[in-house]
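**Q** Following this message is one structure expressed as structure tokens.
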2 protein chains.
Amino acid sequence: MVADRAGVSRSAVSRAFTKGSYLEESKRQKILEIATEIGYQPNALAAGLQGGRSRLVAVIEGDVRNAHDTAVISQLCSALNANGFWPILVSVTRMNGGADALAFPLDALIVRGGSMSEDLVHRCAKLGVPMICYGRPTEELNIDSAYCKNRTGMELAAELLVSKGRRAFGYVGGPDQFYSSMQRRKGVLNVLERANLSLEAEVVSDFSVDGGFAAARSLLMANTHLDALICANDAMAIGALGAAHTLGIAVPDRLSVVGFDDADMADWQITQLTTVRNPLETTVQEILKLLVDRIDNPDRECRTIRVEPQLILRGTH
Amino acid sequence: MVADRAGVSRSAVSRAFTKGSYLEESKRQKILEIATEIGYQPNALAAGLQGGRSRLVAVIEGDVRNAHDTAVISQLCSALNANGFWPILVSVTRMNGGADALAFPLDALIVRGGSMSEDLVHRCAKLGVPMICYGRPTEELNIDSAYCKNRTGMELAAELLVSKGRRAFGYVGGPDQFYSSMQRRKGVLNVLERANLSLEAEVVSDFSVDGGFAAARSLLMANTHLDALICANDAMAIGALGAAHTLGIAVPDRLSVVGFDDADMADWQITQLTTVRNPLETTVQEILKLLVDRIDNPDRECRTIRVEPQLILRGTH
DNA sequence: CTGAAAGCGCTTACAG
DNA sequence: CTGAAAGCGCTTACAG
């Protein structure tokens with residue numbers, strides 16, 4: 001034990017590792033020295049038991065996965081690390097909707113709107129664990145959240161195509177249960193209405209590349225006159241690009257294809273997808289700000305951060 | 001407190017939540033009932049303090065990211081969840097090479113070979129925290145590991161191209177410091193030597209799509225006679241496909257391109273990349289077996305699992 | 001500035 | 001089958 005070796009009390013050792021606590025510098029030095037020598041490090045579990053903060057944050061991972069979701073989670077964990085938090089990754093399907101993670105005295109719990117169950121909301125509230133949501137507004141639940149303006153983003157995309165002279169629009173939507181799916185579709189519809197156009201064909205898919213391929217293929221085969229195909233995310237747009245290719249439809253000459261997210265793959269040479277940027281670094285930063293601020297100030301009112309989307313012009317419009 | 005409400009001891013409550021401990025069924029029932037009512041759940045931190053297992057597993061996330069690495073980590077966390085473990089995600093750059101995670105009484109620590117520092121190895125050994133490595137062999141360090149047979153895999157790919165009549169080979173390699181880079185390159189060289197061919201051009205890149213694009217582009221421009229381009233992973237192969245496209249080189253008519261990993265993107269319609277399957281589900285399962293077995297049996301000899309690669313024929317060879 | 005003591009919320013022998 | 005007690009490894013008032 002470090003305390004014995006250094007001839008000090010356990011309190012002193014604890015203080016040596018606590019920034020900003022009173023301890024004679026020479027003593028602290030000696031303690032730290034012995035600690036590194038024998039490889040001692042305060043046990044975070046025991047420390048976390050002390051009423052204060054555990055610095056543990058559960059990140060609930062949803063079941064619908066695409067490149068953008070994965071990227072958000074990865075960046076989120078990185079940002080948590082950078083702020084001295086320990087992200088515990090929890091699968092929504094595996095761990096009882098994420099509620100099992102509440103066995104830990106969590107400083108916070110982060111979840112995408114689409115994976116948030118009522119049960120989870122109730123239990124967090126009951127236990128006083130702050131919840132931060134992303135991907136949809138949650139004011140009505142009194143929960144902080146950050147999300148990209150989906151409708152606005154899609155309006156940007158649709159306006160671009162209308163202004164390019166496109167007139168026969170098809171749409172590949174995301175699963176109905178997602179807030180983002182509804183909003184993105186609404187954005188498209190708004191613009192078409194203003195332009196006195198209507199959606200000529202539409203199909204719902206699953207936000208995946210394969211799903212987008214199948215959906216776009218059947219849509220394009222049944223509606224050969226389409227000259228614009230808007231997809232609710234980049235993964236499906238990439239699938240749509242494949243579908244157009246196999247059907248011999250030239251993009252963008254005969255057909256415009258746009259997506260949403262601006263995932264990495266949108267900028268590859270073989271895709272060069274025109275899309276709407278869903279700025280994940282910004283979203284992640286906002287989530288962290290909400291989290292830190294919530295911990296400092298547990299009783300403040302909940303806040304909703306709306307992140308601005310941005311049109312990214314590349315080669316498929 | 002549940003114990004009071006149910007009129008039992010704290011021991012009884014603890015036992016009610018511990019599978020396989022003696023407790024009259026009616027009592028257990030009552031305790032569980034009250035627990036769900038008031039939202040009680042044993043504190044995992046306090047439980048973890050009890051000499052036994054914490055069920056906490058640190059997963060160290062490296063700095064070099066590509067789709068395959070991200071997928072491995074994501075699946076790994078999912079598999080850990082499925083086995084009742086709590087993965088703590090730790091950024092190798094942010095958290096002192098991952099060593100900071102040792103503040104928790106970890107049941108194990110999982111790290112990719114390329115992100116494993118000597119310091120980390122020493123400290124895990126000193127603290128008795130089992131380390132499971134993937135992506136390279138670590139027998140000499142007395143550490144369990146699982147990895148795909150890189151050399152064998154690349155031999156499969158190179159043999160395919162040789163048998164197709166390709167004679168002028170180029171190679172886009174991964175960063176020198178990775179074990180997998182060296183082994184994959186060796187696989188290519190072995191096959192060429194046996195066929196009395198030699199590598200005509202070669203360049204090292206960074207396992208990313210953009211890196212692969214730039215590398216392949218310069219390679220192809222400087223060596224217009226190449227008829228085969230082997231890339232050390234799928235991401236760079238996708239980049240190479242883009243490079244070939246912008247240079248007007250028809251794949252596979254004039255140039256064969258193959259990758260390694262069989263990442264999701266390799267099977268998209270727009271890529272249909274011929275590649276070598278680096279079976280991540282198998283690797284993840286093997287890592288979990290190693291981990292569980294190590295926990296049950298802390299003093300067993302270390303094991304190295306070599307996962308079999310598999311040639312996947314698609315459209316670019 | 002520092003030590004002795006209490007306490008965080010559990011589990012686990014130890015007695016019954 | 002079950003309770004009282006000790007103990008896990010820390011931190012934090014409380015006295016000095």
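Here's how to read the names in the structure tokens: chain A, B, ... by the order shown, residue numbers from 1 in each chain, ligand numbers from 1 in the order shown.
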Write down, as a PyMOL selection string, each residue of chain C that has any atom within 9 Å of an atom of chain B, counting only C-alpha atoms (C1' of nucleotides).
**A** chain C and resi 8-12
**Q** Generate the output file for the selected residues, N, CA and C atoms (P, O5', C5', C4', C3', O3' and C1' of nucleotides), as a PDB file, in the first residue's frame.
**A**
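What follows is the written file selection30.pdb:
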```pdb
ATOM      1  P    DC C   8     -23.653   6.252   3.926  1.00  0.00           P
ATOM      2  O5'  DC C   8     -23.445   6.150   2.365  1.00  0.00           O
ATOM      3  C5'  DC C   8     -22.855   7.194   1.605  1.00  0.00           C
ATOM      4  C4'  DC C   8     -22.213   6.572   0.379  1.00  0.00           C
ATOM      5  C3'  DC C   8     -22.900   5.289  -0.062  1.00  0.00           C
ATOM      6  O3'  DC C   8     -23.871   5.610  -1.058  1.00  0.00           O
ATOM      7  C1'  DC C   8     -20.502   5.052  -0.057  1.00  0.00           C
ATOM      8  P    DG C   9     -25.380   5.103  -0.849  1.00  0.00           P
ATOM      9  O5'  DG C   9     -25.321   3.629  -1.429  1.00  0.00           O
ATOM     10  C5'  DG C   9     -24.809   3.411  -2.727  1.00  0.00           C
ATOM     11  C4'  DG C   9     -24.537   1.944  -2.898  1.00  0.00           C
ATOM     12  C3'  DG C   9     -25.703   1.031  -2.480  1.00  0.00           C
ATOM     13  O3'  DG C   9     -25.872   0.054  -3.480  1.00  0.00           O
ATOM     14  C1'  DG C   9     -23.725   0.349  -1.422  1.00  0.00           C
ATOM     15  P    DC C  10     -27.064  -0.921  -3.535  1.00  0.00           P
ATOM     16  O5'  DC C  10     -26.341  -2.186  -4.183  1.00  0.00           O
ATOM     17  C5'  DC C  10     -26.117  -3.352  -3.438  1.00  0.00           C
ATOM     18  C4'  DC C  10     -24.661  -3.727  -3.543  1.00  0.00           C
ATOM     19  C3'  DC C  10     -24.408  -5.172  -3.188  1.00  0.00           C
ATOM     20  O3'  DC C  10     -24.352  -5.918  -4.402  1.00  0.00           O
ATOM     21  C1'  DC C  10     -22.899  -3.733  -2.022  1.00  0.00           C
ATOM     22  P    DT C  11     -24.724  -7.453  -4.383  1.00  0.00           P
ATOM     23  O5'  DT C  11     -23.454  -8.137  -3.692  1.00  0.00           O
ATOM     24  C5'  DT C  11     -22.191  -8.082  -4.338  1.00  0.00           C
ATOM     25  C4'  DT C  11     -21.189  -8.834  -3.498  1.00  0.00           C
ATOM     26  C3'  DT C  11     -21.535 -10.296  -3.278  1.00  0.00           C
ATOM     27  O3'  DT C  11     -20.305 -11.002  -3.328  1.00  0.00           O
ATOM     28  C1'  DT C  11     -21.338  -9.235  -1.189  1.00  0.00           C
ATOM     29  P    DT C  12     -20.252 -12.547  -3.639  1.00  0.00           P
ATOM     30  O5'  DT C  12     -19.358 -13.071  -2.431  1.00  0.00           O
ATOM     31  C5'  DT C  12     -18.513 -12.159  -1.750  1.00  0.00           C
ATOM     32  C4'  DT C  12     -18.202 -12.703  -0.377  1.00  0.00           C
ATOM     33  C3'  DT C  12     -18.518 -14.179  -0.182  1.00  0.00           C
ATOM     34  O3'  DT C  12     -17.565 -14.719   0.712  1.00  0.00           O
ATOM     35  C1'  DT C  12     -19.706 -12.931   1.385  1.00  0.00           C
TER      36       DT C  12
END
```
**Q** Using only C-alpha atoms and a distance of at most 6 Å, pull out the residues of chain A that contact chain B, as a PDB file with N, CA and C atoms, in the first residue's frame.
**A**
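Output contents, as saved in out-v6.pdb:
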```pdb
ATOM      1  N   GLN A  41      -2.898   3.117  -8.684  1.00  0.00           N
ATOM      2  CA  GLN A  41      -3.810   4.056  -9.334  1.00  0.00           C
ATOM      3  C   GLN A  41      -5.131   3.937  -8.573  1.00  0.00           C
ATOM      4  N   ASN A  43      -8.682   3.258  -7.459  1.00  0.00           N
ATOM      5  CA  ASN A  43      -9.719   2.435  -8.065  1.00  0.00           C
ATOM      6  C   ASN A  43     -10.954   3.298  -8.367  1.00  0.00           C
ATOM      7  N   ALA A  44     -11.241   3.424  -9.655  1.00  0.00           N
ATOM      8  CA  ALA A  44     -12.331   4.302 -10.077  1.00  0.00           C
ATOM      9  C   ALA A  44     -13.689   3.833  -9.555  1.00  0.00           C
ATOM     10  N   LEU A  45     -13.837   2.551  -9.342  1.00  0.00           N
ATOM     11  CA  LEU A  45     -15.099   2.032  -8.839  1.00  0.00           C
ATOM     12  C   LEU A  45     -15.338   2.524  -7.412  1.00  0.00           C
ATOM     13  N   ALA A  82     -12.234  12.666 -24.366  1.00  0.00           N
ATOM     14  CA  ALA A  82     -11.502  13.932 -24.345  1.00  0.00           C
ATOM     15  C   ALA A  82     -11.946  14.817 -23.191  1.00  0.00           C
ATOM     16  N   PRO A  87     -17.167   6.296 -21.593  1.00  0.00           N
ATOM     17  CA  PRO A  87     -18.373   5.816 -22.256  1.00  0.00           C
ATOM     18  C   PRO A  87     -18.524   4.302 -22.122  1.00  0.00           C
ATOM     19  N   ILE A  88     -19.686   3.883 -21.643  1.00  0.00           N
ATOM     20  CA  ILE A  88     -20.021   2.458 -21.636  1.00  0.00           C
ATOM     21  C   ILE A  88     -20.978   2.246 -22.791  1.00  0.00           C
ATOM     22  N   LEU A  89     -20.578   1.392 -23.716  1.00  0.00           N
ATOM     23  CA  LEU A  89     -21.399   1.173 -24.898  1.00  0.00           C
ATOM     24  C   LEU A  89     -22.430   0.094 -24.609  1.00  0.00           C
ATOM     25  N   ARG A  94     -29.623  -5.735 -26.713  1.00  0.00           N
ATOM     26  CA  ARG A  94     -29.032  -6.715 -25.810  1.00  0.00           C
ATOM     27  C   ARG A  94     -29.309  -6.412 -24.345  1.00  0.00           C
ATOM     28  N   ALA A 103     -27.719   0.189 -13.825  1.00  0.00           N
ATOM     29  CA  ALA A 103     -27.108  -0.449 -12.652  1.00  0.00           C
ATOM     30  C   ALA A 103     -25.893   0.362 -12.216  1.00  0.00           C
ATOM     31  N   PHE A 104     -25.322   1.105 -13.142  1.00  0.00           N
ATOM     32  CA  PHE A 104     -24.205   1.980 -12.793  1.00  0.00           C
ATOM     33  C   PHE A 104     -24.737   3.347 -12.381  1.00  0.00           C
ATOM     34  N   GLY A 242     -26.315   2.565 -57.481  1.00  0.00           N
ATOM     35  CA  GLY A 242     -26.082   1.215 -58.007  1.00  0.00           C
ATOM     36  C   GLY A 242     -27.255   0.755 -58.855  1.00  0.00           C
ATOM     37  N   GLN A 269     -14.420   9.076 -54.744  1.00  0.00           N
ATOM     38  CA  GLN A 269     -14.395   9.310 -56.181  1.00  0.00           C
ATOM     39  C   GLN A 269     -15.474   8.536 -56.923  1.00  0.00           C
ATOM     40  N   ILE A 270     -15.722   7.302 -56.477  1.00  0.00           N
ATOM     41  CA  ILE A 270     -16.695   6.494 -57.216  1.00  0.00           C
ATOM     42  C   ILE A 270     -18.140   6.887 -56.921  1.00  0.00           C
TER      43      ILE A 270
END
```
**Q** List every residue of region 159-192 of chain B that DSSP, applied to the backbone, labels as strand (DSSP E), and write the result as a list in words.
**A**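 Those residues are Phe169, Gly170, Tyr171, Val172 and Gly173 of chain B.
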**Q** Just write the chosen residues, C-alpha atoms, as a PDB file, in the first residue's frame.
**A**
```pdb
ATOM      1  CA  PHE B 169       1.432  -6.269 -60.751  1.00  0.00           C
ATOM      2  CA  GLY B 170       1.245  -3.119 -58.689  1.00  0.00           C
ATOM      3  CA  TYR B 171       0.714  -3.025 -54.946  1.00  0.00           C
ATOM      4  CA  VAL B 172      -0.770  -0.432 -52.616  1.00  0.00           C
ATOM      5  CA  GLY B 173       0.427  -1.335 -49.146  1.00  0.00           C
TER       6      GLY B 173
END
```
**Q** For Arg303 (chain A), please output as a ChimeraX atom specification all residues within 10 Å (counting only C-alpha atoms (C1' of nucleotides); exclusion window: fewer than 2 positions along the same chain).
**A** /A:132,137-139,142-146,290,294,300-301,305-306
**Q** Kindly export the residues of the current selection with C-alpha atoms, as a CSV table (one decimal), in the first residue's frame.
**A**
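Listed below is the output, result-v7.csv:
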```csv
chain,number,residue,atom,x,y,z
A,132,ILE,CA,-29.2,13.5,-23.6
A,137,PRO,CA,-36.6,17.0,-30.4
A,138,THR,CA,-37.6,15.9,-26.9
A,139,GLU,CA,-38.8,19.0,-25.2
A,142,ASN,CA,-38.2,17.5,-20.7
A,143,ILE,CA,-35.0,16.1,-22.1
A,144,ASP,CA,-32.0,17.8,-23.7
A,145,SER,CA,-31.5,17.1,-27.3
A,146,ALA,CA,-29.5,18.1,-30.4
A,290,LEU,CA,-25.4,19.9,-23.1
A,294,ARG,CA,-26.4,19.6,-17.3
A,300,ARG,CA,-31.8,24.0,-15.5
A,301,GLU,CA,-34.5,23.8,-18.1
A,305,ILE,CA,-30.1,22.5,-30.1
A,306,ARG,CA,-31.0,22.6,-33.8
```
**Q** List every residue of region 9-160 of chain A that DSSP, applied to the backbone of this structure, places in helix (DSSP H, G or I), and write the result as a PyMOL selection string.
**A** chain A and resi 10-17+25-38+44-48+67-82+96-103+113-115+118-127+139-141+150-160
**Q** Could you work out how far CA of Val111 (chain A) lies from CA of Cys231 (chain A), giving the answer in Å with one decimal?
**A**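 CA of Cys231 (chain A) sits 24.4 Å away from CA of Val111 (chain A).
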**Q** Determine, counting only C-alpha atoms (C1' of nucleotides), which protein, DNA and RNA residues have an atom within 8 Å of an atom of DC1 (chain D); residues of the same chain fewer than 2 positions away are not included. Present the result as a PyMOL selection string.
**A** chain B and resi 22-24
**Q** Name the residues in contact with region 27-34 of chain A at a cut-off of 10 Å, using only C-alpha atoms (C1' of nucleotides), excluding same-chain residues fewer than 6 positions from it; report them as a ChimeraX atom specification.
**A** /A:1-3,5-8,12-17,40-41
**Q** At most 8 Å is the cut-off: for each residue in region 38-151 of chain B with any atom that close to an atom of region 180-189 of chain B, write down the nearest atom pair and the distance in Å rounded to one decimal, counting only C-alpha atoms, chain first then increasing number, as CSV.
**A**
```
residue,atom,partner,partner_atom,distance
B:Gly135,CA,B:Ser180,CA,7.0
B:Arg136,CA,B:Ser180,CA,7.0
B:Asn150,CA,B:Arg184,CA,5.2
B:Arg151,CA,B:Gly187,CA,4.3
```
**Q** Tell me which protein, DNA and RNA residues are within 10 Å of DC14 (chain D), counting only C-alpha atoms (C1' of nucleotides), leaving out same-chain ones fewer than 6 positions away, and put them as a PDB file with N, CA and C atoms (P, O5', C5', C4', C3', O3' and C1' of nucleotides), in the first residue's frame.
**A**
```
ATOM      1  P    DA C   4      -3.820   8.354  11.928  1.00  0.00           P
ATOM      2  O5'  DA C   4      -5.156   8.371  12.794  1.00  0.00           O
ATOM      3  C5'  DA C   4      -5.597   9.564  13.434  1.00  0.00           C
ATOM      4  C4'  DA C   4      -6.989   9.352  13.998  1.00  0.00           C
ATOM      5  C3'  DA C   4      -7.501   7.920  14.013  1.00  0.00           C
ATOM      6  O3'  DA C   4      -8.546   7.835  14.966  1.00  0.00           O
ATOM      7  C1'  DA C   4      -8.621   9.108  12.319  1.00  0.00           C
ATOM      8  P    DA C   5      -9.562   6.581  14.975  1.00  0.00           P
ATOM      9  O5'  DA C   5     -10.795   7.096  14.105  1.00  0.00           O
ATOM     10  C5'  DA C   5     -11.443   8.317  14.457  1.00  0.00           C
ATOM     11  C4'  DA C   5     -12.782   8.415  13.748  1.00  0.00           C
ATOM     12  C3'  DA C   5     -13.543   7.088  13.651  1.00  0.00           C
ATOM     13  O3'  DA C   5     -14.929   7.369  13.740  1.00  0.00           O
ATOM     14  C1'  DA C   5     -13.120   7.874  11.485  1.00  0.00           C
ATOM     15  P    DA C   6     -16.015   6.201  13.808  1.00  0.00           P
ATOM     16  O5'  DA C   6     -17.068   6.721  12.744  1.00  0.00           O
ATOM     17  C5'  DA C   6     -17.204   8.134  12.521  1.00  0.00           C
ATOM     18  C4'  DA C   6     -17.875   8.354  11.176  1.00  0.00           C
ATOM     19  C3'  DA C   6     -18.924   7.296  10.831  1.00  0.00           C
ATOM     20  O3'  DA C   6     -20.025   7.947  10.234  1.00  0.00           O
ATOM     21  C1'  DA C   6     -17.298   7.373   9.138  1.00  0.00           C
TER      22       DA C   6
END
```
**Q** If you count only C-alpha atoms (C1' of nucleotides), which residues fall within 6 Å of Leu273 (chain A), apart from same-chain ones fewer than 2 positions away, as a PyMOL selection string?
**A** chain A and resi 266+271+275+314-316
**Q** I need the residues from that last selection saved to file as a short mmCIF file (atom, residue, chain, number, x, y, z; two decimals), in the first residue's frame (with C-alpha atoms), if you can.
**A**
```cif
data_model
loop_
_atom_site.label_atom_id
_atom_site.label_comp_id
_atom_site.auth_asym_id
_atom_site.auth_seq_id
_atom_site.Cartn_x
_atom_site.Cartn_y
_atom_site.Cartn_z
CA ALA A 266 -20.47 10.45 -50.24
CA THR A 271 -19.72 8.13 -55.64
CA THR A 275 -26.05 15.53 -50.55
CA ARG A 314 -20.97 17.12 -56.04
CA GLY A 315 -21.59 15.07 -59.10
CA THR A 316 -25.00 13.42 -58.94
#
```
**Q** Work out how far apart CA of Ile110 (chain B) and CA of Tyr134 (chain B) are and give it in Å to one decimal.
**A**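 Answer for the CA of Ile110 (chain B) to CA of Tyr134 (chain B) separation: 7.9 Å.
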